[in-house]
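**Q** Sharing a structure with you now.
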Amino acid sequence: MTNEVTFVADELIDEAQQQTGFEDFGALPYREGLEALLATYDRNVRDPAGRDRCRQRVVMQLATRLKCENAFKTIPQYAEEAVTAPVFVTGLPRSGTSALLNLLVAAPENRGLLQWEVQFPDPWPGSQPGEEDPRYPFLVKALEESRNSDFAKIHFVDADTPEECVLLHAYAFNGVQLGFEIMLEPYRSWLLQQDLAPMYAYQKKQMQMLSWRRPGGQWMLKAPAHMWGIDAILEVFPDARFVWCHRDPQKVVPSINSMNKVVMNMYAGDFSHLDAGEIGRAVMDWYAMSLQQGLAMRDKLPPELFVDMSQREFVDDPMSVVRRVYAAFNMELAEESRAALQAHIDANPKGKHGKHEYDLAEYGLTADLIAERFAFYTGDQRWPISD
């Protein structure tokens, strides 16, 4: 194992401060999460190039956090932006959350948290609301050049694709990061002990700044990780509503394991020294725990806050799902929006960006193990799990 690439917090902090010329990371605590994240990379990532990629990513996170804090201080009018009744799409990963969010955001009255916004949440110096960020065209080009990657077959993105809130959470040095860190120690154990309300308060500040930069629109957000924080979300966004996507765990677990493997390859590089079966079972258990936590919170809340959708229903008739969401949340579905939504459906058939294939045994799992772990879910007739 090489130690040429180090993960010393003070060194990375100094590098980010040197890059930006800023020193203030803001009031939200970040050091503990940073230390847990760095320890996780140092312990588990051995590939020299992978270590370098992970280190560079953390420096970028620190630098972005510094630039965002400077923006909060120098553009105080962001705080006047209202975030009203946001809709959070959640549920198991690979259950249609991304496809549904992409469809909802196709309506002109809705807005998502776009890929370019999570990459560059800090306003370009001197920019005004509605102006194009000068970094935007460079991101467009970079994403176009990655079109044939394995990741693109699993989770297609371009600069204007709605993205998961977890990419904003990462700047708080909290949340699920890239998704594979939560399968490894010590970050996994650290995150399970956290109060998520401060992280969502940070997300709200970011959303207010983004609303100042790109005014207008009903916020539509998504992440499977929101299942962990239903109570924290409602503490920060008291008028939030939720769409819960459902799918057979027998399809979800191998699929998310496959995606986890691709992301680990992209960032960590060669991780063959880690036990694939242990990681596979950790993935299964993480999402089972998050689902248990989220459904337990739901039981304490008014049912009208939630709309449930099965992945099969969305594939068969996506417009029916949209109509139910709009009706449940008293949103008007205008003819212009219907046309935009149908155009999106027509332009995005299932499998458009390549078939995602996976093998259950590769991850040390069996159908019986998955059935046993998710029996609390598949045995509950309230949830539309059919696939």
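Each chain of the structure tokens is named A, B, ... in the order shown, its residues numbered from 1; ligands are numbered from 1 in display order.
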For the strand (DSSP E) assignment from backbone DSSP, which residues of range 139-291 of chain A qualify? Please present them as a list in words.
**A**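 Answer for range 139-291 of chain A restricted to strand (DSSP E) is Gln218, Trp219, Met220, Leu221, Lys222, Arg241, Phe242, Val243, Trp244, Cys245 and His246 of chain A.
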**Q** Using DSSP assignments from the backbone, pull out every residue in range 195-300 of chain A that falls under helix (DSSP H, G or I) and give it to me as a PyMOL selection string.
**A** chain A and resi 197-213+224-236+249-267+276-298
**Q** Rounded to one decimal, what separation in Å do you get between CA of Pro224 in chain A and CA of Met297 in chain A?
**A**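 If I compute the distance from CA of Pro224 in chain A to CA of Met297 in chain A, I get 14.6 Å.
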**Q** Quick one: everything within 12 Å of Thr366 in chain A, counting only C-alpha atoms, minus sequence neighbours fewer than 6 positions away in the same chain. Send it as a PyMOL selection string.
**A** chain A and resi 249-251+253-254+277+280-281+284+359-360+372-373
**Q** Which residues come within 10 Å of range 67-78 of chain A, counting only C-alpha atoms, excluding same-chain residues fewer than 3 positions away, as number ranges by chain?
**A** A: 16-17, 20-27, 61-64, 81-82, 120-125, 171, 205-213
